[in-house]
$ cat coords13.json   # JSON, C-alpha atoms
[["chain", "number", "residue", "atom", "x", "y", "z"],
["A", 1, "MET", "CA", 101.68, 94.85, 68.99],
["A", 2, "ALA", "CA", 105.15, 96.10, 67.96],
["A", 3, "GLU", "CA", 104.79, 94.21, 64.68],
["A", 4, "LYS", "CA", 101.50, 96.00, 63.91],
["A", 5, "ASP", "CA", 103.13, 99.35, 64.70],
["A", 6, "MET", "CA", 106.03, 98.58, 62.35],
["A", 7, "THR", "CA", 103.59, 97.60, 59.60],
["A", 8, "GLU", "CA", 101.55, 100.79, 60.05],
["A", 9, "LYS", "CA", 104.69, 102.94, 59.96],
["A", 10, "ALA", "CA", 106.02, 101.15, 56.89],
["A", 11, "LEU", "CA", 102.73, 101.65, 55.04],
["A", 12, "GLU", "CA", 102.41, 105.31, 56.04],
["A", 13, "ALA", "CA", 105.99, 105.97, 54.89],
["A", 14, "PHE", "CA", 104.75, 105.75, 51.29],
["A", 15, "ASN", "CA", 103.84, 109.24, 50.11],
["A", 16, "ASP", "CA", 100.72, 108.06, 48.27],
["A", 17, "VAL", "CA", 99.35, 106.36, 51.39],
["A", 18, "PHE", "CA", 100.23, 109.32, 53.60],
["A", 19, "ALA", "CA", 98.57, 111.73, 51.14],
["A", 20, "ASP", "CA", 95.43, 109.56, 50.97],
["A", 21, "ILE", "CA", 95.14, 109.53, 54.78],
["A", 22, "LEU", "CA", 95.52, 113.31, 55.00],
["A", 23, "ASN", "CA", 93.25, 114.11, 52.09],
["A", 24, "ASN", "CA", 90.50, 111.94, 53.53],
["A", 25, "LEU", "CA", 90.79, 112.99, 57.17],
["A", 26, "LEU", "CA", 91.64, 116.67, 56.76],
["A", 27, "PHE", "CA", 90.05, 117.62, 53.46],
["A", 28, "HIS", "CA", 86.99, 115.31, 53.25],
["A", 29, "GLY", "CA", 88.41, 113.37, 50.31],
["A", 30, "GLN", "CA", 89.49, 116.36, 48.22],
["A", 31, "LYS", "CA", 92.94, 115.81, 46.73],
["A", 32, "ARG", "CA", 94.59, 118.87, 48.27],
["A", 33, "ILE", "CA", 97.94, 117.23, 49.04],
["A", 34, "PRO", "CA", 99.55, 115.40, 46.11],
["A", 35, "GLU", "CA", 102.05, 112.69, 46.99],
["A", 36, "THR", "CA", 104.72, 114.52, 44.96],
["A", 37, "GLU", "CA", 104.63, 117.44, 47.45],
["A", 38, "LEU", "CA", 105.52, 115.29, 50.47],
["A", 39, "GLU", "CA", 109.01, 114.72, 51.82],
["A", 40, "GLN", "CA", 110.28, 112.81, 54.83],
["A", 41, "GLY", "CA", 110.09, 114.70, 58.13],
["A", 42, "ARG", "CA", 112.17, 114.48, 61.29],
["A", 43, "GLU", "CA", 110.69, 111.89, 63.57],
["A", 44, "ARG", "CA", 113.06, 112.18, 66.54],
["A", 45, "SER", "CA", 113.64, 115.06, 68.87],
["A", 46, "ILE", "CA", 115.53, 115.41, 72.11],
["A", 47, "TYR", "CA", 114.55, 117.46, 75.11],
["A", 48, "ARG", "CA", 115.83, 117.93, 78.63],
["A", 49, "GLY", "CA", 113.72, 116.24, 81.25],
["A", 50, "GLU", "CA", 114.00, 117.02, 84.96],
["A", 51, "LYS", "CA", 117.10, 114.87, 85.39],
["A", 52, "SER", "CA", 118.40, 113.90, 81.97],
["A", 53, "LEU", "CA", 118.09, 114.19, 78.22],
["A", 54, "ARG", "CA", 115.08, 112.38, 76.79],
["A", 55, "GLU", "CA", 114.12, 111.37, 73.29],
["A", 56, "GLN", "CA", 110.70, 111.39, 71.70],
["A", 57, "GLU", "CA", 109.85, 109.75, 68.42],
["A", 58, "ARG", "CA", 106.86, 110.31, 66.14],
["A", 59, "ASP", "CA", 105.45, 107.32, 64.31],
["A", 60, "THR", "CA", 105.44, 108.97, 60.87],
["A", 61, "SER", "CA", 105.92, 112.54, 59.69],
["A", 62, "LYS", "CA", 106.21, 114.43, 56.43],
["A", 63, "TYR", "CA", 106.79, 117.97, 55.27],
["A", 64, "TRP", "CA", 104.28, 119.30, 52.76],
["A", 65, "ARG", "CA", 106.28, 121.43, 50.34],
["A", 66, "LYS", "CA", 104.81, 123.32, 47.40],
["A", 67, "ASN", "CA", 106.94, 125.39, 45.00],
["A", 68, "ASN", "CA", 109.92, 125.19, 47.39],
["A", 69, "ILE", "CA", 107.85, 126.57, 50.27],
["A", 70, "ARG", "CA", 107.04, 124.47, 53.33],
["A", 71, "ILE", "CA", 103.28, 124.51, 53.75],
["A", 72, "ALA", "CA", 103.13, 122.31, 56.87],
["A", 73, "TYR", "CA", 104.74, 119.60, 58.95],
["A", 74, "ILE", "CA", 102.34, 116.73, 59.53],
["A", 75, "GLY", "CA", 102.72, 113.84, 61.94],
["A", 76, "LEU", "CA", 100.73, 110.65, 62.36],
["A", 77, "GLU", "CA", 100.59, 108.72, 65.62],
["A", 78, "ASN", "CA", 99.26, 105.14, 65.57],
["A", 79, "GLU", "CA", 97.53, 103.86, 68.68],
["A", 80, "THR", "CA", 95.92, 100.50, 69.41],
["A", 81, "GLU", "CA", 95.14, 101.36, 73.05],
["A", 82, "ALA", "CA", 93.49, 104.56, 74.25],
["A", 83, "GLU", "CA", 95.84, 106.66, 76.37],
["A", 84, "ASP", "CA", 95.06, 109.61, 78.67],
["A", 85, "ASP", "CA", 98.43, 111.25, 78.08],
["A", 86, "MET", "CA", 98.06, 111.49, 74.28],
["A", 87, "PRO", "CA", 97.32, 115.25, 74.32],
["A", 88, "LEU", "CA", 100.47, 115.83, 76.38],
["A", 89, "ARG", "CA", 102.57, 113.73, 74.03],
["A", 90, "ILE", "CA", 101.23, 115.61, 71.00],
["A", 91, "ILE", "CA", 102.08, 118.95, 72.59],
["A", 92, "GLY", "CA", 105.64, 117.68, 73.06],
["A", 93, "TYR", "CA", 105.93, 116.59, 69.43],
["A", 94, "ASP", "CA", 104.39, 119.78, 68.10],
["A", 95, "GLY", "CA", 106.45, 121.98, 70.41],
["A", 96, "ALA", "CA", 109.67, 120.37, 69.20],
["A", 97, "ALA", "CA", 108.62, 120.94, 65.57],
["A", 98, "TYR", "CA", 107.85, 124.60, 66.27],
["A", 99, "ARG", "CA", 111.11, 124.98, 68.18],
["A", 100, "ASP", "CA", 112.97, 123.75, 65.08],
["A", 101, "GLN", "CA", 111.49, 126.72, 63.19],
["A", 102, "ILE", "CA", 113.19, 129.25, 65.44],
["A", 103, "ALA", "CA", 116.35, 130.04, 63.53],
["A", 104, "TYR", "CA", 118.31, 133.17, 62.74],
["A", 105, "GLU", "CA", 120.95, 134.10, 60.23],
["A", 106, "LYS", "CA", 123.05, 137.19, 59.77],
["A", 107, "ASP", "CA", 122.50, 139.45, 56.78],
["A", 108, "PRO", "CA", 125.48, 140.91, 54.85],
["A", 109, "ASN", "CA", 125.68, 143.72, 57.42],
["A", 110, "GLY", "CA", 125.96, 141.26, 60.30],
["A", 111, "ILE", "CA", 122.45, 141.98, 61.59],
["A", 112, "ARG", "CA", 120.59, 138.98, 62.98],
["A", 113, "LYS", "CA", 117.33, 138.23, 61.12],
["A", 114, "LYS", "CA", 114.73, 135.49, 61.44],
["A", 115, "THR", "CA", 114.81, 132.82, 58.77],
["A", 116, "PRO", "CA", 111.59, 132.83, 56.75],
["A", 117, "ASP", "CA", 110.54, 129.25, 57.48],
["A", 118, "ARG", "CA", 107.36, 129.39, 59.57],
["A", 119, "TYR", "CA", 104.64, 126.83, 58.96],
["A", 120, "PRO", "CA", 101.91, 125.05, 60.91],
["A", 121, "VAL", "CA", 102.35, 121.69, 62.59],
["A", 122, "VAL", "CA", 99.50, 119.19, 62.41],
["A", 123, "THR", "CA", 99.32, 115.90, 64.30],
["A", 124, "LEU", "CA", 96.69, 113.23, 63.77],
["A", 125, "VAL", "CA", 96.17, 110.20, 65.98],
["A", 126, "LEU", "CA", 95.03, 107.12, 64.10],
["A", 127, "TYR", "CA", 93.29, 104.82, 66.56],
["A", 128, "PHE", "CA", 93.26, 101.17, 65.54],
["A", 129, "GLY", "CA", 91.51, 99.83, 68.63],
["A", 130, "TYR", "CA", 88.79, 97.62, 67.23],
["A", 131, "GLN", "CA", 87.31, 96.23, 70.43],
["A", 132, "LYS", "CA", 86.18, 99.54, 71.96],
["A", 133, "HIS", "CA", 85.95, 103.24, 71.21],
["A", 134, "TRP", "CA", 88.55, 105.74, 72.36],
["A", 135, "THR", "CA", 87.42, 106.70, 75.88],
["A", 136, "LYS", "CA", 90.50, 108.56, 77.11],
["A", 137, "ALA", "CA", 91.43, 112.24, 76.94],
["A", 138, "ARG", "CA", 91.23, 113.93, 73.53],
["A", 139, "THR", "CA", 92.16, 117.44, 74.63],
["A", 140, "LEU", "CA", 94.62, 118.98, 77.05],
["A", 141, "TYR", "CA", 91.74, 120.11, 79.28],
["A", 142, "GLU", "CA", 90.53, 116.52, 79.50],
["A", 143, "ALA", "CA", 94.04, 115.23, 80.24],
["A", 144, "ILE", "CA", 94.53, 117.74, 83.06],
["A", 145, "GLY", "CA", 91.02, 117.05, 84.38],
["A", 146, "ASP", "CA", 90.16, 118.29, 87.86],
["A", 147, "HIS", "CA", 93.61, 119.82, 88.25],
["A", 148, "MET", "CA", 92.63, 122.62, 85.83],
["A", 149, "ASP", "CA", 91.85, 125.90, 87.58],
["A", 150, "HIS", "CA", 88.84, 127.24, 85.68],
["A", 151, "ASP", "CA", 90.11, 130.82, 85.91],
["A", 152, "LEU", "CA", 93.24, 129.75, 83.99],
["A", 153, "MET", "CA", 91.33, 128.02, 81.17],
["A", 154, "PRO", "CA", 91.23, 131.08, 78.85],
["A", 155, "PHE", "CA", 95.05, 131.21, 79.01],
["A", 156, "VAL", "CA", 95.79, 127.52, 78.43],
["A", 157, "ASN", "CA", 95.96, 126.28, 74.84],
["A", 158, "ASP", "CA", 93.64, 123.35, 74.45]]
$ encode --input "coords13.json" --output "structure tokens"
Amino acid sequence: MAEKDMTEKALEAFNDVFADILNNLLFHGQKRIPETELEQGRERSIYRGEKSLREQERDTSKYWRKNNIRIAYIGLENETEAEDDMPLRIIGYDGAAYRDQIAYEKDPNGIRKKTPDRYPVVTLVLYFGYQKHWTKARTLYEAIGDHMDHDLMPFVND
């Protein structure tokens, strides 16, 4: 299984392949993202768990940059087995990417200002299970299941 994962990652690392996947899955085949506008993204992030530092790693990610402006950060996750915790993992990846966008610099007067880089984060899960359909959680609500208090649902991002 690790060999398949390495092959998928190696193939998706090519900008033309990555662009084809995105254009087909996100834009119904329209060529919205040219391969020339993609650049390698950060695939590793570190966070503090309850007891220690932990690392999380995306399978493949790219920045979509157009005219020197970041349009989006897009990650692909390859799965051969359905997994209930996938929505939780994606929130971790996306949260780390949004956290990276929180940056400040000082202007010439020494006043702290936000840096202008703010862009959406998109994560797609490519499921390669060929023996059965994905039957596990697809949303955060599904992953939390019966532990979700229905009165809290309007306040929980799904």
$ residues_around --input "coords13.json" --residues "Arg70 of chain A" --least-positions-apart "2" --cutoff "10 Å" --atoms "only C-alpha atoms" --output "VMD selection string"
chain A and resid 37 to 38 63 to 68 72 to 73 117 to 120
$ residues_around --input "coords13.json" --residues "Glu43 of chain A" --least-positions-apart "3" --cutoff "10 Å" --atoms "all atoms listed in the file" --output "number ranges by chain"
A: 40, 56-62, 75, 93, 97
$ residues_around --input "coords13.json" --residues "Glu12 of chain A" --least-positions-apart "2" --cutoff "10 Å" --atoms "only C-alpha atoms" --output "list in words"
Met6, Thr7, Glu8, Lys9, Ala10, Phe14, Asn15, Asp16, Val17, Phe18, Ala19, Asp20, Ile21, Asp59, Thr60, Ser61, Lys62 and Leu76 of chain A
$ closest_residue --input "coords13.json" --among "A:Asp100, A:Glu142, A:Glu77, A:Asp94" --to "Val122 of chain A" --atoms "all atoms listed in the file"
A:Asp94
$ atom_distance --input "coords13.json" --atom1 "atom CA of Pro154 of chain A" --atom2 "atom CA of Leu140 of chain A"
12.7 Å
$ atom_distance --input "coords13.json" --atom1 "atom CA of Ile102 of chain A" --atom2 "atom CA of Lys114 of chain A"
7.6 Å
$ closest_residue --input "coords13.json" --among "A:Gly110, A:Thr123, A:Phe128, A:Ile33" --to "Gly95 of chain A" --atoms "only C-alpha atoms"
A:Thr123
$ closest_residue --input "coords13.json" --among "A:Arg138, A:Arg54, A:His133, A:Lys31" --to "Gly92 of chain A" --atoms "all atoms listed in the file"
A:Arg54
$ closest_residue --input "coords13.json" --among "A:Lys113, A:Met153, A:Thr80, A:Ala103" --to "Gln131 of chain A" --atoms "only C-alpha atoms"
A:Thr80
$ atom_distance --input "coords13.json" --atom1 "atom CA of Tyr127 of chain A" --atom2 "atom CA of Asn23 of chain A"
17.2 Å
$ closest_residue --input "coords13.json" --among "A:Phe155, A:Tyr141, A:Lys132, A:Leu126" --to "Glu79 of chain A" --atoms "only C-alpha atoms"
A:Leu126
$ build_atoms --input "coords13.json" --residues "segment 29-40 of chain A" --atoms "all heavy atoms" --output "CSV table (one decimal), in the coordinates of the input"
chain,number,residue,atom,x,y,z
A,29,GLY,N,88.2,114.1,51.6
A,29,GLY,CA,88.4,113.4,50.3
A,29,GLY,C,88.9,114.2,49.1
A,29,GLY,O,89.2,113.7,48.1
A,30,GLN,N,88.9,115.5,49.3
A,30,GLN,CA,89.5,116.4,48.2
A,30,GLN,C,91.0,116.1,48.1
A,30,GLN,O,91.7,116.0,49.1
A,30,GLN,CB,89.2,117.8,48.5
A,30,GLN,CG,87.8,118.2,48.5
A,30,GLN,CD,87.7,119.7,48.9
A,30,GLN,OE1,88.6,120.5,48.8
A,30,GLN,NE2,86.5,120.1,49.4
A,31,LYS,N,91.5,116.1,46.9
A,31,LYS,CA,92.9,115.8,46.7
A,31,LYS,C,93.7,117.1,46.8
A,31,LYS,O,94.2,117.7,45.8
A,31,LYS,CB,93.2,115.1,45.4
A,31,LYS,CG,92.5,113.8,45.4
A,31,LYS,CD,93.3,112.8,44.5
A,31,LYS,CE,92.5,111.5,44.5
A,31,LYS,NZ,93.0,110.5,45.4
A,32,ARG,N,93.9,117.6,48.0
A,32,ARG,CA,94.6,118.9,48.3
A,32,ARG,C,96.1,118.7,48.3
A,32,ARG,O,96.9,119.5,48.0
A,32,ARG,CB,94.1,119.5,49.6
A,32,ARG,CG,92.7,120.0,49.6
A,32,ARG,CD,92.5,121.3,49.0
A,32,ARG,NE,93.5,122.3,49.5
A,32,ARG,CZ,93.4,123.0,50.6
A,32,ARG,NH1,92.4,122.9,51.4
A,32,ARG,NH2,94.3,123.9,50.9
A,33,ILE,N,96.5,117.5,48.9
A,33,ILE,CA,97.9,117.2,49.0
A,33,ILE,C,98.3,116.1,48.1
A,33,ILE,O,98.0,115.0,48.3
A,33,ILE,CB,98.3,116.8,50.5
A,33,ILE,CG1,97.8,117.9,51.5
A,33,ILE,CG2,99.8,116.5,50.6
A,33,ILE,CD1,98.0,117.5,52.9
A,34,PRO,N,99.1,116.5,47.0
A,34,PRO,CA,99.6,115.4,46.1
A,34,PRO,C,100.8,114.7,46.7
A,34,PRO,O,101.6,115.3,47.4
A,34,PRO,CB,99.9,116.1,44.8
A,34,PRO,CG,100.0,117.6,45.2
A,34,PRO,CD,99.3,117.8,46.5
A,35,GLU,N,100.9,113.5,46.4
A,35,GLU,CA,102.0,112.7,47.0
A,35,GLU,C,103.4,113.3,46.6
A,35,GLU,O,104.4,113.2,47.3
A,35,GLU,CB,102.0,111.2,46.6
A,35,GLU,CG,102.1,111.0,45.1
A,35,GLU,CD,102.0,109.5,44.7
A,35,GLU,OE1,103.0,108.8,44.8
A,35,GLU,OE2,100.9,109.1,44.4
A,36,THR,N,103.5,114.0,45.4
A,36,THR,CA,104.7,114.5,45.0
A,36,THR,C,105.2,115.7,45.8
A,36,THR,O,106.3,116.2,45.7
A,36,THR,CB,104.6,115.0,43.5
A,36,THR,OG1,103.5,115.9,43.4
A,36,THR,CG2,104.4,113.7,42.6
A,37,GLU,N,104.3,116.3,46.6
A,37,GLU,CA,104.6,117.4,47.4
A,37,GLU,C,105.0,117.1,48.9
A,37,GLU,O,105.2,117.9,49.7
A,37,GLU,CB,103.5,118.4,47.4
A,37,GLU,CG,103.3,119.1,46.1
A,37,GLU,CD,102.1,120.1,46.1
A,37,GLU,OE1,101.4,120.3,47.1
A,37,GLU,OE2,101.9,120.7,45.0
A,38,LEU,N,105.2,115.8,49.1
A,38,LEU,CA,105.5,115.3,50.5
A,38,LEU,C,107.0,114.9,50.5
A,38,LEU,O,107.5,114.3,49.6
A,38,LEU,CB,104.6,114.1,50.9
A,38,LEU,CG,103.1,114.4,51.1
A,38,LEU,CD1,102.3,113.2,51.3
A,38,LEU,CD2,103.0,115.4,52.2
A,39,GLU,N,107.6,115.2,51.6
A,39,GLU,CA,109.0,114.7,51.8
A,39,GLU,C,109.2,114.3,53.3
A,39,GLU,O,108.4,114.8,54.2
A,39,GLU,CB,110.0,115.8,51.5
A,39,GLU,CG,109.9,117.1,52.3
A,39,GLU,CD,110.9,118.1,51.8
A,39,GLU,OE1,111.0,118.3,50.6
A,39,GLU,OE2,111.5,118.8,52.7
A,40,GLN,N,110.1,113.4,53.5
A,40,GLN,CA,110.3,112.8,54.8
A,40,GLN,C,110.5,113.9,55.9
A,40,GLN,O,111.3,114.8,55.6
A,40,GLN,CB,111.4,111.8,54.8
A,40,GLN,CG,111.7,111.1,56.1
A,40,GLN,CD,110.5,110.3,56.5
A,40,GLN,OE1,109.9,109.6,55.8
A,40,GLN,NE2,110.1,110.4,57.8
